[in-house]
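To start, the structure under review is shown below, and the notes come after it.
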Amino acid sequence: MLNTTEDRPITGDTAPPAVDPARAIALKYAALPPARRSLLRTKVREQGIDPARLPIVPLAREAAEGADGADHYPLSAAQARLWFLWKLDPLNPAYNLARAVRLTGALDVGALRAAFAALVARHGALRARFVEERGVAVQRIAAAVAVVGGTHDSYGWREHTLDDPALQGQLPELLRRAAREPFDLAAGPLLRADLVRLADDRWTLLISTHHIVSDGWSQALLVRELVALYRAALDGGDMAGALPPLALHFGDVSAWQSEWQDVTQADDLAFWLTRLGAVQPELELPLDRARTPARSIEGGRRRVEIAEPLAARLRHLARAQRTTLFTVLLGAWAALLHRYGGQTAIRIGVPSAGRARRETESLVGYFVNTLVIEAEVNGAMPFERLLTGLHARVLEAQAHQDVPFGKVLDALKIERDLGRSPLFQVMFNLEQGGAPSTLTLPGLVVEPQTGSTETARFDLVLNVVDEGSALKLSFNFAADVFDEATVARIATQYQAMLVQLADDATRRVGELVLPEAAAAQDAQVYAFDSLADSLVAQAARSPAAVALRCESQSLSYDELQRWSGA
């Protein structure tokens, strides 16, 4: 995943914080009434001032509406797209996000429930509900409810028991069903917790959210903060003080972006319209079945691992080529896709974290954006030259990442096709998995649990987790066009390409050896009969039938075939 958050120096506590002029201006702007803010944005646009230098702060709001004291906020462009898709099919779980963890030890269920309640109180996105007002969708974010030694029903909580060894084989299916259960965006809640008791000291916890209020970064953040809040609940201390306070929530960000988007996104949108152009080719893939008019959500996953020795050589290759591991792995992916279809322009979707601003790093919400990176590749090209061009494409995509993917689609006026995704059919993602694989709490060990919703939104997605030594690869595929055996072969071929490229980056893309390639079929020889012979044969088969008479002086090929009985 692309992210442009810079490393920041750690400062001591002895010096008073310096006055931040940009923040002072932002706070003055936020305090203005809407009409005066609009006037100021017009002046900023006219003078060519870059508003991206202003930090995001909460805007002055009118009195909260509704019995629950909820404030209304606009949807971000990405949220609006998911809202539209949910309205089309409210029972579709394709945009459910789920993460499971194993809990080993003495679990305090009451403390865990209190920790979840504190999470909801902390993050406005988890209190959001989505409604339409005068035909416009808005998110209503309820006021936070303080958690004092108890819990409240602001999230979904379910407990399951599989402590009979004969029943524990049901765990994967139970998790799958729970992860795929649809969310009601209008009624909520949009956070669910399923706790499965396997024994007195063994549990599985599944955390599910809808993508409209969360993303991959948010899922990892939820687990980390849940651990901290659970520890505070066990200690009986102030749970609100267990984590640094948040100055804003996702609703504040979407409101700020909604006001400034015409100023900040115009140049980025113009770039993508030029880069992607009017022609949108479909990627040629080794599909096992033809696409259906409307794709299903069913998916599968193939997991493999790149061991530390090869991973180290790939890192060395990236340094030698003055690029990144991300670009090396993406380049190999593009080279393999080129080998399948022979296309020279390979478009791949890449998620961008969308958290370049400091103030968004600690927020739960739907920040991730999708970028389309086009790799130029041909069989005669040395891989190192592919990397050089791709490196430039990645940098320019990062520089224009702020415009939402949905806005690009709308501007290109692409006709929607329910059988395939627009602009690209394949994705690539690299995640940093440097955090410890286990977390220790008083009397409890937390470990990741393998599992997924087993859904697919794209034909094929390669997700790589960089653990600092080895690389874990996951090939997620759409089950309506791919068989698992085909994806297993793709995974094997990708690994083989990485080995060859780590040995010699000057090798030409067309010279790379693909093991287990599908065997070429022998040419089939079909008997040929002329039209006259076909007519004679048809007359012999049906001597009593009346011959057709055509007044036209010309016949189409289909008509000739039909009338000749071919």
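If you're wondering about the labels, chains in the structure tokens are A, B, ... by order shown, residues count from 1 in each chain, ligands from 1 in order shown.
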Strand (DSSP E) positions in stretch 24-151 of chain A, given as a ChimeraX atom specification: /A:71-74,96-105,128-133,136-141
Please produce an output containing N, CA, C and O atoms for each residue in the selection, written as a short mmCIF file (atom, residue, chain, number, x, y, z; two decimals), in the first residue's frame.
```
data_model
loop_
_atom_site.label_atom_id
_atom_site.label_comp_id
_atom_site.auth_asym_id
_atom_site.auth_seq_id
_atom_site.Cartn_x
_atom_site.Cartn_y
_atom_site.Cartn_z
N ASP A 71 -24.63 14.53 15.08
CA ASP A 71 -24.28 15.55 14.10
C ASP A 71 -24.30 14.94 12.70
O ASP A 71 -24.03 13.75 12.53
N HIS A 72 -24.61 15.77 11.72
CA HIS A 72 -24.66 15.31 10.34
C HIS A 72 -23.41 15.77 9.61
O HIS A 72 -23.01 16.92 9.71
N TYR A 73 -22.81 14.86 8.85
CA TYR A 73 -21.60 15.14 8.10
C TYR A 73 -21.78 14.65 6.67
O TYR A 73 -22.48 13.65 6.43
N PRO A 74 -21.13 15.30 5.69
CA PRO A 74 -21.21 14.78 4.32
C PRO A 74 -20.44 13.48 4.19
O PRO A 74 -19.54 13.19 4.98
N ASN A 96 -17.62 -6.16 3.38
CA ASN A 96 -17.36 -6.44 4.79
C ASN A 96 -15.86 -6.62 5.00
O ASN A 96 -15.18 -7.23 4.17
N LEU A 97 -15.33 -6.09 6.09
CA LEU A 97 -13.94 -6.31 6.48
C LEU A 97 -13.94 -7.09 7.78
O LEU A 97 -14.71 -6.76 8.70
N ALA A 98 -13.10 -8.10 7.88
CA ALA A 98 -13.08 -8.92 9.08
C ALA A 98 -11.65 -9.29 9.44
O ALA A 98 -10.82 -9.53 8.56
N ARG A 99 -11.38 -9.32 10.72
CA ARG A 99 -10.07 -9.75 11.22
C ARG A 99 -10.29 -10.60 12.46
O ARG A 99 -11.03 -10.20 13.37
N ALA A 100 -9.66 -11.77 12.49
CA ALA A 100 -9.82 -12.69 13.61
C ALA A 100 -8.51 -12.82 14.37
O ALA A 100 -7.42 -12.78 13.78
N VAL A 101 -8.60 -13.01 15.70
CA VAL A 101 -7.42 -13.24 16.54
C VAL A 101 -7.72 -14.39 17.49
O VAL A 101 -8.87 -14.63 17.87
N ARG A 102 -6.66 -15.12 17.83
CA ARG A 102 -6.76 -16.17 18.85
C ARG A 102 -6.37 -15.59 20.20
O ARG A 102 -5.37 -14.85 20.31
N LEU A 103 -7.11 -15.92 21.22
CA LEU A 103 -6.85 -15.47 22.59
C LEU A 103 -6.58 -16.69 23.45
O LEU A 103 -7.43 -17.59 23.55
N THR A 104 -5.40 -16.75 24.04
CA THR A 104 -5.02 -17.90 24.86
C THR A 104 -4.71 -17.41 26.27
O THR A 104 -3.88 -16.52 26.46
N GLY A 105 -5.41 -18.00 27.25
CA GLY A 105 -5.19 -17.60 28.64
C GLY A 105 -6.49 -17.31 29.34
O GLY A 105 -7.57 -17.74 28.92
N ALA A 128 -21.31 5.89 13.31
CA ALA A 128 -21.98 6.48 12.16
C ALA A 128 -23.16 5.63 11.70
O ALA A 128 -23.15 4.40 11.80
N ARG A 129 -24.19 6.32 11.23
CA ARG A 129 -25.32 5.72 10.52
C ARG A 129 -25.52 6.55 9.26
O ARG A 129 -25.23 7.74 9.24
N PHE A 130 -26.04 5.93 8.20
CA PHE A 130 -26.14 6.60 6.92
C PHE A 130 -27.60 6.73 6.50
O PHE A 130 -28.34 5.74 6.48
N VAL A 131 -28.01 7.95 6.22
CA VAL A 131 -29.40 8.23 5.86
C VAL A 131 -29.42 9.20 4.68
O VAL A 131 -28.39 9.81 4.34
N GLU A 132 -30.59 9.35 4.07
CA GLU A 132 -30.77 10.32 2.99
C GLU A 132 -31.66 11.45 3.48
O GLU A 132 -32.72 11.20 4.07
N GLU A 133 -31.24 12.66 3.22
CA GLU A 133 -32.01 13.84 3.57
C GLU A 133 -32.20 14.67 2.31
O GLU A 133 -31.23 15.13 1.71
N VAL A 136 -30.10 13.49 -0.52
CA VAL A 136 -28.65 13.52 -0.37
C VAL A 136 -28.26 12.65 0.82
O VAL A 136 -28.81 12.79 1.92
N ALA A 137 -27.31 11.75 0.60
CA ALA A 137 -26.86 10.87 1.68
C ALA A 137 -25.95 11.64 2.63
O ALA A 137 -25.09 12.41 2.20
N VAL A 138 -26.15 11.43 3.93
CA VAL A 138 -25.30 12.02 4.96
C VAL A 138 -25.00 10.94 5.99
O VAL A 138 -25.68 9.92 6.06
N GLN A 139 -23.98 11.17 6.78
CA GLN A 139 -23.70 10.27 7.89
C GLN A 139 -24.03 10.98 9.20
O GLN A 139 -23.61 12.11 9.42
N ARG A 140 -24.79 10.31 10.02
CA ARG A 140 -25.17 10.84 11.33
C ARG A 140 -24.27 10.18 12.35
O ARG A 140 -24.29 8.96 12.52
N ILE A 141 -23.47 10.97 13.02
CA ILE A 141 -22.54 10.44 14.01
C ILE A 141 -23.06 10.82 15.39
O ILE A 141 -23.09 12.00 15.76
#
```
Nearest-residue call for A:Arg301, choices A:Leu39, A:Ala502, A:Val487, A:Met497, using only C-alpha atoms: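 Of all the options, A:Val487 lies closest to A:Arg301.
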Selection: 12 Å around stretch 359-361 of chain A, only C-alpha atoms, excl. self and same-chain fewer than 6 positions, as a tab-separated table (two decimals) with all heavy atoms, in the first residue's frame:
```
chain	number	residue	atom	x	y	z
A	3	ASN	N	1.86	4.94	0.87
A	3	ASN	CA	1.59	5.92	1.92
A	3	ASN	C	2.73	6.92	1.93
A	3	ASN	O	3.90	6.55	1.85
A	3	ASN	CB	1.47	5.24	3.29
A	3	ASN	CG	1.06	6.22	4.37
A	3	ASN	OD1	0.17	7.03	4.15
A	3	ASN	ND2	1.68	6.14	5.52
A	4	THR	N	2.41	8.20	2.04
A	4	THR	CA	3.43	9.23	1.95
A	4	THR	C	3.71	9.88	3.29
A	4	THR	O	4.29	10.94	3.36
A	4	THR	CB	3.01	10.32	0.95
A	4	THR	OG1	1.74	10.86	1.35
A	4	THR	CG2	2.89	9.74	-0.45
A	5	THR	N	3.27	9.25	4.38
A	5	THR	CA	3.57	9.80	5.69
A	5	THR	C	5.07	9.79	5.93
A	5	THR	O	5.72	8.77	5.82
A	5	THR	CB	2.88	8.97	6.79
A	5	THR	OG1	1.49	8.94	6.52
A	5	THR	CG2	3.13	9.58	8.16
A	6	GLU	N	5.64	10.94	6.26
A	6	GLU	CA	7.08	11.05	6.45
A	6	GLU	C	7.46	10.65	7.86
A	6	GLU	O	6.68	10.75	8.80
A	6	GLU	CB	7.53	12.49	6.18
A	6	GLU	CG	7.25	12.96	4.76
A	6	GLU	CD	7.63	14.41	4.56
A	6	GLU	OE1	7.96	15.07	5.57
A	6	GLU	OE2	7.61	14.88	3.43
A	23	ARG	N	-1.82	26.10	11.47
A	23	ARG	CA	-2.92	25.65	12.31
A	23	ARG	C	-3.76	26.82	12.79
A	23	ARG	O	-4.99	26.74	12.87
A	23	ARG	CB	-2.38	24.85	13.50
A	23	ARG	CG	-3.49	24.31	14.40
A	23	ARG	CD	-2.98	23.34	15.44
A	23	ARG	NE	-4.06	22.85	16.27
A	23	ARG	CZ	-4.90	21.88	15.91
A	23	ARG	NH1	-4.76	21.29	14.74
A	23	ARG	NH2	-5.86	21.49	16.71
A	54	LEU	N	-2.73	23.56	5.02
A	54	LEU	CA	-3.49	23.77	6.24
A	54	LEU	C	-3.84	22.43	6.87
A	54	LEU	O	-4.30	21.51	6.18
A	54	LEU	CB	-4.79	24.54	5.95
A	54	LEU	CG	-4.65	25.93	5.34
A	54	LEU	CD1	-6.03	26.52	5.07
A	54	LEU	CD2	-3.85	26.84	6.26
A	55	PRO	N	-3.65	22.26	8.16
A	55	PRO	CA	-4.05	21.01	8.82
A	55	PRO	C	-5.57	20.91	8.89
A	55	PRO	O	-6.28	21.92	8.86
A	55	PRO	CB	-3.43	21.14	10.21
A	55	PRO	CG	-3.34	22.61	10.45
A	55	PRO	CD	-3.05	23.23	9.12
A	56	ILE	N	-6.07	19.70	8.97
A	56	ILE	CA	-7.51	19.48	9.11
A	56	ILE	C	-7.94	19.73	10.55
A	56	ILE	O	-7.33	19.19	11.49
A	56	ILE	CB	-7.89	18.05	8.69
A	56	ILE	CG1	-7.49	17.80	7.24
A	56	ILE	CG2	-9.38	17.79	8.88
A	56	ILE	CD1	-7.68	16.36	6.79
A	57	VAL	N	-8.96	20.53	10.73
A	57	VAL	CA	-9.51	20.80	12.07
A	57	VAL	C	-11.03	20.70	11.97
A	57	VAL	O	-11.60	20.86	10.88
A	57	VAL	CB	-9.10	22.19	12.59
A	57	VAL	CG1	-7.59	22.28	12.77
A	57	VAL	CG2	-9.59	23.29	11.66
A	58	PRO	N	-11.72	20.44	13.07
A	58	PRO	CA	-13.19	20.37	13.03
A	58	PRO	C	-13.79	21.72	12.65
A	58	PRO	O	-13.37	22.76	13.15
A	58	PRO	CB	-13.57	19.95	14.45
A	58	PRO	CG	-12.34	19.33	15.02
A	58	PRO	CD	-11.19	20.07	14.39
A	123	HIS	N	-13.97	6.59	18.57
A	123	HIS	CA	-13.93	6.82	17.13
A	123	HIS	C	-15.33	7.11	16.59
A	123	HIS	O	-16.21	6.24	16.60
A	123	HIS	CB	-13.35	5.61	16.41
A	123	HIS	CG	-11.90	5.37	16.71
A	123	HIS	ND1	-10.89	6.15	16.15
A	123	HIS	CD2	-11.29	4.47	17.51
A	123	HIS	CE1	-9.73	5.72	16.60
A	123	HIS	NE2	-9.94	4.70	17.43
A	217	TRP	N	-5.93	-0.28	7.29
A	217	TRP	CA	-5.20	0.43	8.34
A	217	TRP	C	-6.06	0.48	9.60
A	217	TRP	O	-5.56	0.24	10.72
A	217	TRP	CB	-4.89	1.84	7.84
A	217	TRP	CG	-4.09	2.73	8.73
A	217	TRP	CD1	-4.39	3.12	10.00
A	217	TRP	CD2	-2.85	3.37	8.42
A	217	TRP	NE1	-3.44	3.97	10.49
A	217	TRP	CE2	-2.48	4.14	9.54
A	217	TRP	CE3	-2.04	3.39	7.29
A	217	TRP	CZ2	-1.32	4.91	9.56
A	217	TRP	CZ3	-0.88	4.15	7.31
A	217	TRP	CH2	-0.53	4.90	8.44
A	218	SER	N	-7.35	0.77	9.44
A	218	SER	CA	-8.25	0.87	10.59
A	218	SER	C	-8.38	-0.46	11.32
A	218	SER	O	-8.46	-0.51	12.56
A	218	SER	CB	-9.63	1.33	10.13
A	218	SER	OG	-9.57	2.60	9.51
A	220	ALA	N	-6.16	-2.86	11.63
A	220	ALA	CA	-4.98	-3.06	12.48
A	220	ALA	C	-5.01	-2.12	13.68
A	220	ALA	O	-4.64	-2.51	14.80
A	220	ALA	CB	-3.71	-2.84	11.66
A	221	LEU	N	-5.46	-0.90	13.47
A	221	LEU	CA	-5.56	0.08	14.55
A	221	LEU	C	-6.55	-0.38	15.61
A	221	LEU	O	-6.30	-0.25	16.83
A	221	LEU	CB	-5.98	1.43	13.98
A	221	LEU	CG	-6.11	2.60	14.95
A	221	LEU	CD1	-4.76	2.95	15.55
A	221	LEU	CD2	-6.72	3.82	14.25
A	245	PRO	N	-5.63	11.38	23.44
A	245	PRO	CA	-6.94	11.87	22.96
A	245	PRO	C	-6.89	12.21	21.48
A	245	PRO	O	-5.84	12.54	20.92
A	245	PRO	CB	-7.17	13.12	23.82
A	245	PRO	CG	-5.80	13.55	24.24
A	245	PRO	CD	-5.00	12.29	24.39
A	246	LEU	N	-8.05	12.13	20.84
A	246	LEU	CA	-8.17	12.47	19.42
A	246	LEU	C	-8.83	13.83	19.28
A	246	LEU	O	-9.85	14.11	19.93
A	246	LEU	CB	-9.01	11.42	18.68
A	246	LEU	CG	-8.45	9.99	18.68
A	246	LEU	CD1	-9.42	9.04	18.00
A	246	LEU	CD2	-7.09	9.94	17.99
A	247	ALA	N	-8.26	14.66	18.42
A	247	ALA	CA	-8.80	16.01	18.23
A	247	ALA	C	-9.95	16.05	17.22
A	247	ALA	O	-10.68	17.03	17.17
A	247	ALA	CB	-7.68	16.95	17.78
A	248	LEU	N	-10.10	15.00	16.43
A	248	LEU	CA	-11.16	14.96	15.42
A	248	LEU	C	-11.46	13.52	15.08
A	248	LEU	O	-10.78	12.60	15.54
A	248	LEU	CB	-10.76	15.73	14.17
A	248	LEU	CG	-9.61	15.21	13.28
A	248	LEU	CD1	-9.63	15.93	11.94
A	248	LEU	CD2	-8.26	15.40	13.92
A	249	HIS	N	-12.51	13.30	14.29
A	249	HIS	CA	-12.85	11.96	13.83
A	249	HIS	C	-13.12	12.02	12.34
A	249	HIS	O	-13.01	13.09	11.70
A	249	HIS	CB	-14.03	11.37	14.61
A	249	HIS	CG	-15.28	12.21	14.58
A	249	HIS	ND1	-16.01	12.40	13.44
A	249	HIS	CD2	-15.92	12.90	15.55
A	249	HIS	CE1	-17.06	13.16	13.70
A	249	HIS	NE2	-17.03	13.49	14.97
A	250	PHE	N	-13.47	10.88	11.75
A	250	PHE	CA	-13.56	10.81	10.29
A	250	PHE	C	-14.59	11.77	9.73
A	250	PHE	O	-14.42	12.31	8.63
A	250	PHE	CB	-13.89	9.37	9.85
A	250	PHE	CG	-13.90	9.23	8.34
A	250	PHE	CD1	-12.72	9.12	7.63
A	250	PHE	CD2	-15.10	9.22	7.64
A	250	PHE	CE1	-12.73	9.02	6.25
A	250	PHE	CE2	-15.12	9.12	6.26
A	250	PHE	CZ	-13.93	9.01	5.56
A	251	GLY	N	-15.67	12.00	10.46
A	251	GLY	CA	-16.67	12.95	9.98
A	251	GLY	C	-16.09	14.34	9.79
A	251	GLY	O	-16.43	15.05	8.84
A	252	ASP	N	-15.21	14.76	10.70
A	252	ASP	CA	-14.54	16.06	10.56
A	252	ASP	C	-13.69	16.08	9.30
A	252	ASP	O	-13.63	17.09	8.59
A	252	ASP	CB	-13.66	16.34	11.78
A	252	ASP	CG	-14.46	16.44	13.07
A	252	ASP	OD1	-15.51	17.10	13.06
A	252	ASP	OD2	-14.02	15.86	14.07
A	253	VAL	N	-13.01	14.98	9.01
A	253	VAL	CA	-12.16	14.91	7.82
A	253	VAL	C	-13.00	14.99	6.56
A	253	VAL	O	-12.68	15.73	5.61
A	253	VAL	CB	-11.31	13.62	7.82
A	253	VAL	CG1	-10.47	13.51	6.55
A	253	VAL	CG2	-10.42	13.57	9.05
A	254	SER	N	-14.09	14.24	6.49
A	254	SER	CA	-14.93	14.25	5.29
A	254	SER	C	-15.55	15.63	5.09
A	254	SER	O	-15.71	16.08	3.95
A	254	SER	CB	-16.02	13.17	5.39
A	254	SER	OG	-16.91	13.42	6.46
A	353	ALA	N	-2.90	4.39	1.03
A	353	ALA	CA	-3.42	4.49	2.40
A	353	ALA	C	-4.25	5.75	2.61
A	353	ALA	O	-5.17	5.77	3.43
A	353	ALA	CB	-2.26	4.46	3.39
A	367	PHE	N	-10.28	5.80	4.57
A	367	PHE	CA	-9.34	6.73	3.95
A	367	PHE	C	-8.73	6.18	2.67
A	367	PHE	O	-8.27	6.94	1.82
A	367	PHE	CB	-8.20	7.06	4.93
A	367	PHE	CG	-8.62	7.89	6.10
A	367	PHE	CD1	-8.99	7.29	7.30
A	367	PHE	CD2	-8.63	9.27	6.02
A	367	PHE	CE1	-9.36	8.05	8.39
A	367	PHE	CE2	-9.00	10.04	7.11
A	367	PHE	CZ	-9.37	9.43	8.30
A	368	VAL	N	-8.65	4.86	2.54
A	368	VAL	CA	-7.91	4.26	1.44
A	368	VAL	C	-8.48	4.70	0.09
A	368	VAL	O	-9.69	4.85	-0.07
A	368	VAL	CB	-7.92	2.72	1.58
A	368	VAL	CG1	-9.31	2.16	1.32
A	368	VAL	CG2	-6.91	2.09	0.65
```
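Our summary of the geometry notes that atom CA of A:Leu329 is positioned 10.4 Å from atom CA of A:Asn463.
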Backbone DSSP call of alpha helix (DSSP H) for stretch 167-329 of chain A, listed as a PyMOL selection string: chain A and resi 171-180+216-235+250-264+266-276+308-320+325-329
Distance in Å - atom CA of A:Val509 versus atom CA of A:Asp459: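 Distance reported for this atom pair: 23.2 Å.
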Non-local contacts of A:Gly241 (12 Å; only C-alpha atoms; under 6 positions in same chain excluded) as a PyMOL selection string: chain A and resi 118+122+147+225+228-229+231-233
Atomic separation - atom CA of A:Glu159 relative to atom CA of A:Val109, Å: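 If I compute the distance from atom CA of A:Val109 to atom CA of A:Glu159, I get 9.8 Å.
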Residue nearest A:Gln493 among A:Ala345, A:Leu91, A:Leu336, A:Ala114 (counting only C-alpha atoms): A:Leu336
Test item: residues at most 9 Å from stretch 255-272 of chain A, only C-alpha atoms, excluding those fewer than 6 positions along its chain, as a count of residues only: 30
Using only C-alpha atoms: which of A:Ala532, A:Val304, A:Ala70, A:Ile212 has the shortest distance to A:Phe183: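 Checking each of A:Ala532, A:Val304, A:Ala70, A:Ile212 against A:Phe183, counting only C-alpha atoms, the winner is A:Ile212.
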